[in-house]
Every structure is written in structure tokens, then in C-alpha cells.
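As provided, work_24.txt (compact mmCIF, C-alpha atoms) reads as follows.
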```
# COMPACT_ATOMS: atom_id res chain seq x y z
CA MET W 892 32.23 -12.81 7.36
CA VAL W 893 28.71 -12.93 8.82
CA GLN W 894 25.56 -12.97 6.71
CA VAL W 895 21.82 -13.32 7.22
CA GLN W 896 20.28 -15.80 4.81
CA ILE W 897 16.77 -16.75 3.76
CA PRO W 898 17.01 -20.57 3.86
CA ARG W 899 13.33 -21.27 3.17
CA VAL W 900 10.02 -19.50 2.68
CA GLY W 901 8.33 -18.49 5.91
CA GLY W 902 7.89 -15.91 8.65
CA PRO W 903 10.54 -13.63 10.15
CA GLU W 904 11.82 -16.51 12.27
CA VAL W 905 13.28 -18.35 9.24
CA LEU W 906 16.10 -15.82 8.81
CA ARG W 907 19.38 -17.35 9.94
CA VAL W 908 22.83 -15.98 10.73
CA VAL W 909 25.73 -17.84 9.12
CA GLU W 910 29.50 -17.43 8.86
CA VAL W 911 30.95 -17.80 5.37
CA PRO W 912 34.34 -17.15 3.73
CA SER W 913 34.99 -13.66 2.40
CA LEU W 914 34.24 -13.11 -1.27
CA PRO W 915 37.17 -12.70 -3.70
CA LEU W 916 38.04 -9.12 -4.61
CA LEU W 917 37.65 -8.58 -8.37
CA PRO W 918 39.27 -5.95 -10.59
CA ASP W 919 37.44 -2.60 -10.54
CA HIS W 920 35.62 -3.66 -7.34
CA VAL W 921 35.87 -2.57 -3.72
CA ARG W 922 35.39 -4.53 -0.53
CA ILE W 923 33.19 -2.69 1.96
CA LYS W 924 33.15 -3.41 5.66
CA VAL W 925 29.43 -2.93 6.22
CA SER W 926 28.33 -0.87 9.21
CA ALA W 927 24.62 -0.75 8.39
CA ALA W 928 22.19 -2.23 5.87
CA GLY W 929 18.74 -1.02 4.90
CA VAL W 930 15.64 -3.21 5.19
CA ASN W 931 12.97 -2.86 2.49
CA PHE W 932 9.47 -4.27 2.15
CA ALA W 933 10.73 -6.17 -0.91
CA ASP W 934 12.86 -8.19 1.54
CA VAL W 935 9.64 -9.25 3.29
CA HIS W 936 8.14 -10.28 -0.05
CA MET W 937 11.12 -12.43 -0.98
CA ARG W 938 11.24 -14.09 2.45
CA MET W 939 7.57 -15.02 1.97
CA GLY W 940 8.16 -16.39 -1.53
CA LEU W 941 6.29 -13.53 -3.19
CA TYR W 942 9.19 -11.97 -5.10
CA ALA W 943 9.62 -13.37 -8.59
CA GLU W 944 13.19 -12.08 -9.12
CA ALA W 945 14.59 -13.49 -5.87
CA PRO W 946 17.56 -15.86 -6.24
CA ARG W 947 17.26 -19.54 -5.44
CA ILE W 948 17.29 -20.21 -1.71
CA PRO W 949 19.36 -20.02 0.36
CA PHE W 950 20.36 -16.44 -0.45
CA VAL W 951 21.23 -13.17 1.27
CA PRO W 952 18.67 -10.35 0.94
CA GLY W 953 19.41 -6.64 1.15
CA PHE W 954 19.64 -3.88 -1.45
CA GLU W 955 21.64 -1.12 0.28
CA VAL W 956 24.63 -0.76 2.57
CA ALA W 957 26.89 1.81 4.18
CA GLY W 958 30.29 1.36 5.73
CA VAL W 959 34.01 1.76 5.11
CA VAL W 960 36.19 0.71 2.18
CA ALA W 961 38.27 -2.20 3.47
CA GLU W 962 40.14 -3.00 0.26
CA VAL W 963 40.28 -1.82 -3.35
CA GLY W 964 40.74 -4.10 -6.33
CA PRO W 965 43.07 -3.64 -9.30
CA GLY W 966 42.08 -0.70 -11.47
CA VAL W 967 40.23 1.24 -8.74
CA ARG W 968 41.39 4.85 -8.51
CA ALA W 969 38.29 6.59 -7.15
CA PHE W 970 38.41 5.17 -3.61
CA ARG W 971 40.95 4.54 -0.89
CA ARG W 972 40.93 2.23 2.07
CA GLY W 973 39.16 3.77 5.08
CA GLU W 974 36.79 6.04 3.16
CA ARG W 975 33.13 6.05 4.25
CA VAL W 976 30.84 4.93 1.44
CA LEU W 977 27.30 3.86 0.63
CA ALA W 978 25.93 1.74 -2.19
CA ALA W 979 22.92 0.04 -3.69
CA CYS W 980 23.36 -3.65 -4.46
CA ARG W 981 21.53 -6.47 -6.22
CA PHE W 982 20.93 -8.62 -3.10
CA GLY W 983 23.59 -9.48 -0.51
CA GLY W 984 23.25 -6.43 1.75
CA TYR W 985 22.55 -8.31 5.00
CA SER W 986 26.24 -9.00 5.45
CA SER W 987 29.22 -7.78 7.48
CA GLU W 988 31.12 -7.18 4.23
CA ILE W 989 30.30 -7.00 0.55
CA VAL W 990 32.23 -6.72 -2.72
CA LEU W 991 30.74 -4.32 -5.30
CA PRO W 992 31.80 -2.59 -8.53
CA ALA W 993 33.48 0.69 -7.65
CA ALA W 994 31.25 2.45 -10.20
CA HIS W 995 28.20 1.58 -8.06
CA VAL W 996 29.66 3.07 -4.86
CA ARG W 997 29.51 6.67 -3.62
CA ARG W 998 31.13 8.55 -0.76
CA THR W 999 28.89 9.12 2.23
CA PRO W 1000 27.97 12.77 2.83
CA ARG W 1001 29.72 14.06 5.95
CA LYS W 1002 26.46 15.06 7.60
CA LEU W 1003 25.15 11.46 7.57
CA SER W 1004 25.97 8.66 9.99
CA ASP W 1005 26.42 5.18 8.53
CA LYS W 1006 23.01 4.22 9.89
CA GLU W 1007 21.42 7.17 8.09
CA ALA W 1008 23.45 6.53 4.93
CA ALA W 1009 22.23 2.93 4.72
CA SER W 1010 18.64 4.14 4.86
CA ILE W 1011 18.70 6.33 1.77
CA PRO W 1012 19.93 4.61 -1.44
CA ILE W 1013 16.90 2.53 -2.43
CA ALA W 1014 14.27 4.78 -0.86
CA PHE W 1015 15.54 7.99 -2.39
CA MET W 1016 16.51 6.48 -5.76
CA THR W 1017 13.03 4.96 -6.07
CA ALA W 1018 11.44 8.28 -5.17
CA TRP W 1019 13.78 10.19 -7.48
CA ILE W 1020 13.15 8.01 -10.53
CA ALA W 1021 9.39 7.91 -9.89
CA LEU W 1022 9.11 11.68 -9.56
CA MET W 1023 11.87 13.08 -11.74
CA GLU W 1024 12.18 10.55 -14.57
CA MET W 1025 8.68 9.07 -14.83
CA ALA W 1026 6.01 11.37 -13.42
CA ARG W 1027 8.11 14.52 -14.08
CA VAL W 1028 7.00 16.45 -11.01
CA ARG W 1029 6.75 20.22 -11.41
CA GLU W 1030 5.94 23.21 -9.27
CA GLY W 1031 2.22 23.39 -8.55
CA ASP W 1032 1.53 19.68 -9.07
CA ARG W 1033 -0.77 17.94 -6.59
CA VAL W 1034 0.87 14.69 -5.47
CA LEU W 1035 -0.90 11.96 -3.49
CA VAL W 1036 1.43 9.73 -1.49
CA PRO W 1037 -0.14 6.62 0.09
CA GLY W 1038 2.32 4.95 2.44
CA ALA W 1039 3.90 8.33 3.15
CA ALA W 1040 5.28 7.12 6.49
CA GLY W 1041 7.41 4.36 4.94
CA GLY W 1042 10.98 4.55 3.71
CA VAL W 1043 10.13 5.43 0.11
CA GLY W 1044 7.10 7.47 1.19
CA THR W 1045 9.13 9.81 3.39
CA ALA W 1046 11.58 10.29 0.50
CA ILE W 1047 8.75 11.04 -1.96
CA VAL W 1048 7.26 13.64 0.38
CA GLN W 1049 10.60 15.42 0.65
CA ILE W 1050 11.55 15.37 -3.03
CA ALA W 1051 8.09 16.37 -4.28
CA SER W 1052 7.68 19.19 -1.78
CA ARG W 1053 11.18 20.55 -2.54
CA ALA W 1054 10.17 20.56 -6.23
CA GLY W 1055 7.29 22.90 -5.36
CA ALA W 1056 4.48 20.36 -5.47
CA GLN W 1057 1.55 20.27 -3.07
CA VAL W 1058 1.94 16.93 -1.29
CA VAL W 1059 -1.02 15.10 0.23
CA ALA W 1060 0.24 12.29 2.47
CA VAL W 1061 -1.70 9.19 3.51
CA VAL W 1062 -0.57 7.26 6.59
CA GLY W 1063 -1.72 4.33 8.67
CA SER W 1064 -2.36 6.14 11.95
CA ALA W 1065 -3.16 9.62 13.22
CA GLU W 1066 0.12 9.69 15.17
CA LYS W 1067 2.11 9.80 11.92
CA LYS W 1068 0.30 12.78 10.38
CA ASP W 1069 2.33 15.49 12.09
CA ALA W 1070 5.56 13.71 11.20
CA VAL W 1071 4.86 13.70 7.45
CA ARG W 1072 3.77 17.34 7.61
CA ALA W 1073 7.14 18.13 9.17
CA LEU W 1074 8.81 16.59 6.11
CA GLY W 1075 6.90 18.86 3.72
CA ALA W 1076 3.40 17.45 3.24
CA SER W 1077 0.78 20.20 3.04
CA GLN W 1078 -2.00 17.82 4.08
CA ALA W 1079 -2.07 14.43 5.79
CA PHE W 1080 -4.90 11.89 6.07
CA THR W 1081 -5.22 8.43 7.48
CA TYR W 1082 -6.48 5.83 5.00
CA ALA W 1083 -9.89 5.88 6.69
CA GLU W 1084 -10.08 9.66 6.41
CA LEU W 1085 -9.14 9.61 2.73
CA ASP W 1086 -11.67 6.89 1.92
CA ALA W 1087 -14.41 8.90 3.63
CA ARG W 1088 -13.73 12.03 1.59
CA ASP W 1089 -15.20 12.84 -1.80
CA ARG W 1090 -14.16 16.46 -1.73
CA PRO W 1091 -11.85 18.04 -4.33
CA ASP W 1092 -8.90 17.83 -1.92
CA ALA W 1093 -9.17 14.00 -2.08
CA ARG W 1094 -9.16 13.71 -5.88
CA ASP W 1095 -7.97 15.45 -9.05
CA PHE W 1096 -4.30 14.77 -8.35
CA THR W 1097 -1.58 15.39 -10.92
CA MET W 1098 0.12 12.20 -9.81
CA VAL W 1099 -0.24 9.35 -7.34
CA LEU W 1100 2.74 7.29 -6.14
CA ASP W 1101 1.30 3.84 -5.40
CA ALA W 1102 3.16 1.09 -3.51
CA ARG W 1103 0.11 -0.99 -2.63
CA GLY W 1104 -0.97 -2.35 -6.02
CA GLY W 1105 -3.81 -4.85 -6.38
CA PRO W 1106 -7.25 -3.25 -5.94
CA TYR W 1107 -5.68 -0.03 -4.64
CA LEU W 1108 -4.23 0.74 -8.06
CA LYS W 1109 -7.77 1.26 -9.35
CA ASP W 1110 -8.44 3.77 -6.58
CA SER W 1111 -5.20 5.59 -7.40
CA ILE W 1112 -6.19 5.93 -11.04
CA ARG W 1113 -9.68 7.11 -10.05
CA ARG W 1114 -8.20 9.97 -8.02
CA LEU W 1115 -6.21 11.38 -10.95
CA ALA W 1116 -7.13 14.57 -12.75
CA PRO W 1117 -7.23 14.42 -16.57
CA GLY W 1118 -3.62 14.34 -17.73
CA GLY W 1119 -2.54 12.80 -14.45
CA ARG W 1120 -0.34 9.74 -13.97
CA VAL W 1121 0.22 6.98 -11.46
CA VAL W 1122 3.62 5.49 -10.73
CA SER W 1123 3.12 1.96 -9.37
CA TYR W 1124 6.30 0.90 -7.57
CA GLY W 1125 5.20 -2.00 -5.34
CA VAL W 1126 2.53 -4.53 -4.40
CA SER W 1127 2.59 -4.38 -0.62
CA SER W 1128 -1.07 -5.44 -0.50
CA LEU W 1129 0.05 -9.02 -1.27
CA VAL W 1130 1.17 -9.32 2.36
CA ALA W 1131 -1.40 -9.73 5.14
CA GLY W 1132 -0.27 -10.75 8.63
CA ARG W 1133 2.93 -12.55 9.55
CA LYS W 1134 2.37 -15.68 7.47
CA ARG W 1135 2.27 -16.13 3.74
CA SER W 1136 -1.22 -16.58 2.32
CA ILE W 1137 -1.19 -17.69 -1.31
CA PRO W 1138 -5.01 -17.33 -1.60
CA HIS W 1139 -4.75 -13.75 -0.33
CA ALA W 1140 -1.91 -12.93 -2.75
CA ILE W 1141 -3.80 -14.44 -5.70
CA ARG W 1142 -6.96 -12.58 -4.74
CA ARG W 1143 -5.07 -9.28 -4.62
CA LEU W 1144 -3.45 -9.94 -7.98
CA LEU W 1145 -6.80 -10.79 -9.55
CA GLN W 1146 -8.18 -7.51 -8.19
CA THR W 1147 -5.53 -5.55 -10.07
CA PRO W 1148 -7.26 -3.53 -12.82
CA LEU W 1149 -6.66 -4.57 -16.42
CA LEU W 1150 -5.37 -1.51 -18.24
CA THR W 1151 -5.46 -0.89 -21.98
CA PRO W 1152 -4.06 1.99 -24.05
CA ILE W 1153 -7.55 2.80 -25.32
CA GLY W 1154 -9.03 2.84 -21.82
CA LEU W 1155 -6.28 5.11 -20.53
CA ALA W 1156 -6.59 7.36 -23.58
CA MET W 1157 -10.32 7.78 -23.04
CA ALA W 1158 -9.62 8.98 -19.50
CA ASN W 1159 -6.52 10.98 -20.44
CA LYS W 1160 -4.56 9.26 -17.69
CA GLY W 1161 -1.28 7.35 -17.59
CA VAL W 1162 0.30 4.58 -15.52
CA PHE W 1163 4.03 3.89 -15.08
CA GLY W 1164 5.40 0.69 -13.60
CA LEU W 1165 8.64 0.92 -11.63
CA ASN W 1166 10.77 -2.13 -10.72
CA MET W 1167 14.09 -0.93 -9.34
CA LEU W 1168 15.73 -4.35 -9.50
CA LYS W 1169 15.42 -4.48 -13.29
CA PHE W 1170 17.67 -1.43 -13.62
CA PHE W 1171 20.59 -3.54 -12.37
CA ASP W 1172 20.30 -5.78 -15.45
CA THR W 1173 21.48 -3.33 -18.12
CA GLN W 1174 24.12 -0.65 -18.58
CA GLN W 1175 21.43 1.89 -19.37
CA GLY W 1176 19.51 0.92 -16.26
CA MET W 1177 22.57 1.24 -14.05
CA GLY W 1178 23.21 4.63 -15.60
CA LEU W 1179 19.75 5.77 -14.54
CA LEU W 1180 20.26 4.39 -11.02
CA MET W 1181 23.54 6.24 -10.62
CA LYS W 1182 22.00 9.43 -12.03
CA ALA W 1183 19.33 9.15 -9.34
CA MET W 1184 21.96 8.37 -6.70
CA ASP W 1185 24.00 11.45 -7.60
CA GLY W 1186 20.90 13.65 -7.73
CA MET W 1187 19.69 12.66 -4.30
CA LEU W 1188 23.20 12.88 -2.78
CA ASP W 1189 23.50 16.44 -4.13
CA GLY W 1190 20.26 17.15 -2.26
CA PHE W 1191 21.68 15.76 0.95
CA GLN W 1192 24.90 17.72 0.54
CA ALA W 1193 22.82 20.88 0.10
CA GLY W 1194 20.77 20.13 3.21
CA LEU W 1195 17.51 19.73 1.25
CA PHE W 1196 16.74 16.19 2.40
CA LYS W 1197 16.70 14.35 5.70
CA ALA W 1198 17.41 10.68 6.33
CA VAL W 1199 14.51 9.24 8.33
CA VAL W 1200 15.49 6.14 10.32
CA GLY W 1201 12.54 4.77 12.24
CA LYS W 1202 14.28 1.97 14.11
CA SER W 1203 17.49 -0.05 13.99
CA PHE W 1204 18.22 -3.65 14.92
CA PRO W 1205 21.44 -5.68 15.21
CA LEU W 1206 22.18 -7.78 12.12
CA SER W 1207 21.62 -10.90 14.23
CA LYS W 1208 18.06 -9.69 14.92
CA ALA W 1209 17.05 -9.32 11.28
CA GLY W 1210 13.96 -11.42 11.97
CA ASP W 1211 12.78 -8.87 14.54
CA ALA W 1212 13.38 -6.10 11.98
CA HIS W 1213 11.23 -7.94 9.44
CA ALA W 1214 8.45 -8.48 11.97
CA TYR W 1215 8.51 -4.78 12.89
CA LEU W 1216 8.37 -3.66 9.25
CA GLN W 1217 5.73 -6.22 8.31
CA ALA W 1218 3.49 -4.97 11.13
CA ARG W 1219 3.68 -1.48 9.55
CA LYS W 1220 4.96 -0.01 12.82
CA ASN W 1221 7.76 1.99 11.23
CA PHE W 1222 8.03 5.65 10.40
CA GLY W 1223 10.85 5.94 7.87
CA LYS W 1224 13.39 3.22 7.27
CA VAL W 1225 14.31 0.15 9.28
CA VAL W 1226 18.07 -0.47 9.41
CA LEU W 1227 20.31 -3.34 10.49
CA ILE W 1228 23.51 -2.51 12.39
CA CYS W 1229 26.48 -4.79 11.72
```
Before anything else, please render the file you have as C-alpha cells.
Amino acid sequence: MVQVQIPRVGGPEVLRVVEVPSLPLLPDHVRIKVSAAGVNFADVHMRMGLYAEAPRIPFVPGFEVAGVVAEVGPGVRAFRRGERVLAACRFGGYSSEIVLPAAHVRRTPRKLSDKEAASIPIAFMTAWIALMEMARVREGDRVLVPGAAGGVGTAIVQIASRAGAQVVAVVGSAEKKDAVRALGASQAFTYAELDARDRPDARDFTMVLDARGGPYLKDSIRRLAPGGRVVSYGVSSLVAGRKRSIPHAIRRLLQTPLLTPIGLAMANKGVFGLNMLKFFDTQQGMGLLMKAMDGMLDGFQAGLFKAVVGKSFPLSKAGDAHAYLQARKNFGKVVLIC
């Protein structure tokens, strides 16, 4: 089978395509012939050596795949060969085939292509857990979504708006504002426009979904209304430009606000931290992931959500996909086609 590995820390050009033997098929597992794999900003972090949980190099990145069941292991009754499926995985997604526990796999909704299916597991599960399990979004909430044009951002806009919340989207360019409004945002600002506003429509939010971290987390907390909460689900601000800058990453980390229970209590505000990878480590965590997976797939089956694929690249051009994502050119997800 063919894989894309990270052999060393560096820019998008370090990604390499290799041929390796197929993995053994274990009991209660399925072998998936991968048609498409999602690319996430966490993949950029790990390629740059900024992802603490990454395996030792060389390793294969990738957290989500879609394709066809090629083979079922002993004990598998839920799937048959030839069925279209999607899955979230703990690394290994940039591959022409993958072996995963059958319990972690779901059938692909008929309305979705494999390219679309590969774009939704991590983005929509992250958004679902952030909104439904942590922040507990309700009708009438005011939700601020920085990074609303990204993979997770477009999912957050859709889930929050379908829950009856008023969604205020923040994007990197004016060209993306109409696109996030079309997904359900009631208002859309560029970052410059939001920073220039001190009106009520730019503060007093019920919740803020923050993927930037570092100094931006302080701004997210500042924009909360009393009783509001931030869900911090990433630290994209660690990355600046194509090359890794340790001084820049350290500076951003040092600019992260120090939070204490007393300080948060005095402001009547809350902060959740969300690390999706950690859910793979425990049975309870996997249960929550699969609950989120089933919830968002029900939404797709009902026609409530839309898969937003910004651009796709061949698996052999994974480096180009990383460069595109790292330059923040995307609207929606970036996907690799196998």
C-alpha cells in the first residue's frame, strides 16, 4: 500500500510517499480501501514539530478517512465487503488503505461522495463536542466563531445555527463573508473589522469557539458576557509562515493568559479545553467520539448539514495540500484523493 510519511520536521516539502506492506487484519477490525483522507491543521503542527502527542518520526499523519470496506476480520458482523464507510483514526489516514476497529467505523450517508465524507469526521465531531457537550449551545445564544472559514469553523457555524443560536463568524478575508453567511451565520466580520469594533455586537457573547490560542484566548474571554464560556480547541497561532519558528511558538505560548478558578469566578466566565486526540485513549473517550459521530451523521442524513470541501489534492501531492492549508487559503476542508 502507499502512504505519506513525515520523515523529519520541516516544511511541506518534507512529506514523502512510500510503499509499505499491508497491515495485518485483526479480529473485530476492518480493512478500508481509502478513497479520500481529510487534512487538518493539526497535521501541519505535527509536521513542524509542534504537536506534543505526535508519534516518533517517521510516521503517517491523518485523522479521518473515507472509502470502501476491502476485508472484514473475524468477529465483524456489522459490515460487509464493498460497503462505503468513513472513520476517524488515531494517525495513519494519509494512506491508500487502513485497518481500524469496526466499532470506530460508520457507513457513509448516501448523499455524500467519498471526498465529502472524508472531510466531516474530525471537523464535525470537534464542533459537536465543543457545542453540544461542553458549551451546551441553546436557542438564542450568541456564538462567536473565529476561523469560521476553516474545516471546524464551517461545521461550528452550521451546528450552532441549526440549534437556534445567533452565529457571528470571523474570517480572514472579505471574500469569505458571504460564504459563511450562506452556511447560517447571521453576521460576518473580518478579523480587522472585529478588532475595530467596540459595539455590543462585537462583545457579550454566550460562547466563543477559539482555535487560535495564545494571546487570542485572552481576547476571546474578554468578549464573553457574564455566564459565558470559551471552548479552546487549538493553538493555530503557533504557526507563522511556511517554516517552523521556535521563538515565535514560545512567544505565543508565553502570551497565553494564566487562568485561575478565582479569576474566572470573579468574572463569572468559564473556559473549556478540547483535545480530540485524547478521547482515543480511553473507552469513555471513544464513547463520546462515537456519540458525536452518530449525532452529526444523523444531521447529514436529515439534510441539516453540508460537507464543505474547499480543495482536493492527490495523495502524492500532500505537501501542496499542507502549503495551501498553512497559507490559510482554504474555505472548508482540504482533502487528499487516493
In terms of the shortest atom-to-atom distance over all atoms listed in the file, which of W:Arg922, W:Lys1182, W:Arg971, W:His1213 is closest to Met1023 (chain W)? W:Lys1182
So which residues touch Ala1046 (chain W) within 12 Å, counting all atoms listed in the file, skipping near sequence neighbours fewer than 5 positions away, as a ChimeraX atom specification? /W:1010-1022,1036,1038-1041,1051-1053,1058,1060,1071,1074-1076,1100,1187,1190-1191,1195-1200,1222-1224
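The nearest approach to His995 (chain W) among the residues W:Asn931, W:Asn1166, W:Gln1174, W:Ser1127, with all atoms listed in the file taken into account, belongs to W:Gln1174.
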One decimal place gives the CA of Phe1204 (chain W)-CA of Arg899 (chain W) separation as 21.7 Å
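If you measure from each of W:Ile897, W:Ala961, W:Ala1087, W:Val1034 to His936 (chain W) using all atoms listed in the file, the closest one turns out to be W:Ile897.
Considering the residues W:Leu916, W:Tyr942, W:Phe932, W:Leu1085 and counting all atoms listed in the file, Val967 (chain W) has its shortest atom-to-atom contact with W:Leu916.
The spacing separating CA of Gly1055 (chain W) from CA of Arg1120 (chain W) amounts to 17.5 Å.
Minimum distance to Ala1158 (chain W) across W:Ala1116, W:Gly953, W:Asp1172, W:Val1126 (counting all atoms listed in the file) occurs at W:Ala1116.
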What does the distance between CA of Gly1186 (chain W) and CA of Ser986 (chain W) come to in Å, to one decimal place? 26.7 Å
Could you tell me, as a VMD selection string, which residues have any atom at most 9 Å from (-1.9, 16.3, -10.4), counting only C-alpha atoms? chain W and resid 1028 1031 to 1035 1094 to 1099 1115 to 1120
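Neighbouring residues of Leu1180 (chain W) at 9 Å or closer, counting all atoms listed in the file and skipping chain neighbours under 3 positions away, are Ala979, His995, Met1016, Thr1017, Ile1020, Met1167, Phe1170, Phe1171, Gln1175, Gly1176, Met1177, Ala1183, Met1184 and Asp1185 of chain W.
Using all atoms listed in the file, the shortest contact distance between Val905 (chain W) and any of W:Gly964, W:Pro1148, W:Gly1210, W:Gly1194 is found at W:Gly1210.
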Point (30.5, 5.1, -3.0) neighbourhood (9 Å, all atoms listed in the file) written as a PyMOL selection string: chain W and resi 957+960+969-970+974-978+993-999
Residue neighbourhood Phe950 (chain W), 9 Å, only C-alpha atoms, exclusion window fewer than 5 positions, as a VMD selection string: chain W and resid 895 to 898 945 982 to 983
Write the residues of the selection above to a file with C-alpha atoms, as an mmCIF file, in the coordinates of the input.
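Full text of out.cif as output:
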```cif
data_model
loop_
_atom_site.group_PDB
_atom_site.id
_atom_site.type_symbol
_atom_site.label_atom_id
_atom_site.label_comp_id
_atom_site.auth_asym_id
_atom_site.auth_seq_id
_atom_site.Cartn_x
_atom_site.Cartn_y
_atom_site.Cartn_z
ATOM 1 C CA VAL W 895 21.820 -13.320 7.220
ATOM 2 C CA GLN W 896 20.280 -15.800 4.810
ATOM 3 C CA ILE W 897 16.770 -16.750 3.760
ATOM 4 C CA PRO W 898 17.010 -20.570 3.860
ATOM 5 C CA ALA W 945 14.590 -13.490 -5.870
ATOM 6 C CA PHE W 982 20.930 -8.620 -3.100
ATOM 7 C CA GLY W 983 23.590 -9.480 -0.510
#
```
Find the spatial neighbours of Val1122 (chain W), counting all atoms listed in the file, within a cut-off of 6 Å - ignore same-chain residues fewer than 3 positions away - and output them as a list of chain:residue names. W:Leu1100, W:Val1162, W:Phe1163, W:Gly1164
Could you list, as a ChimeraX atom specification, every residue within 7 Å of Cys1229 (chain W), counting all atoms listed in the file and ignoring same-chain residues fewer than 5 positions away? /W:925-927,987,1205-1206
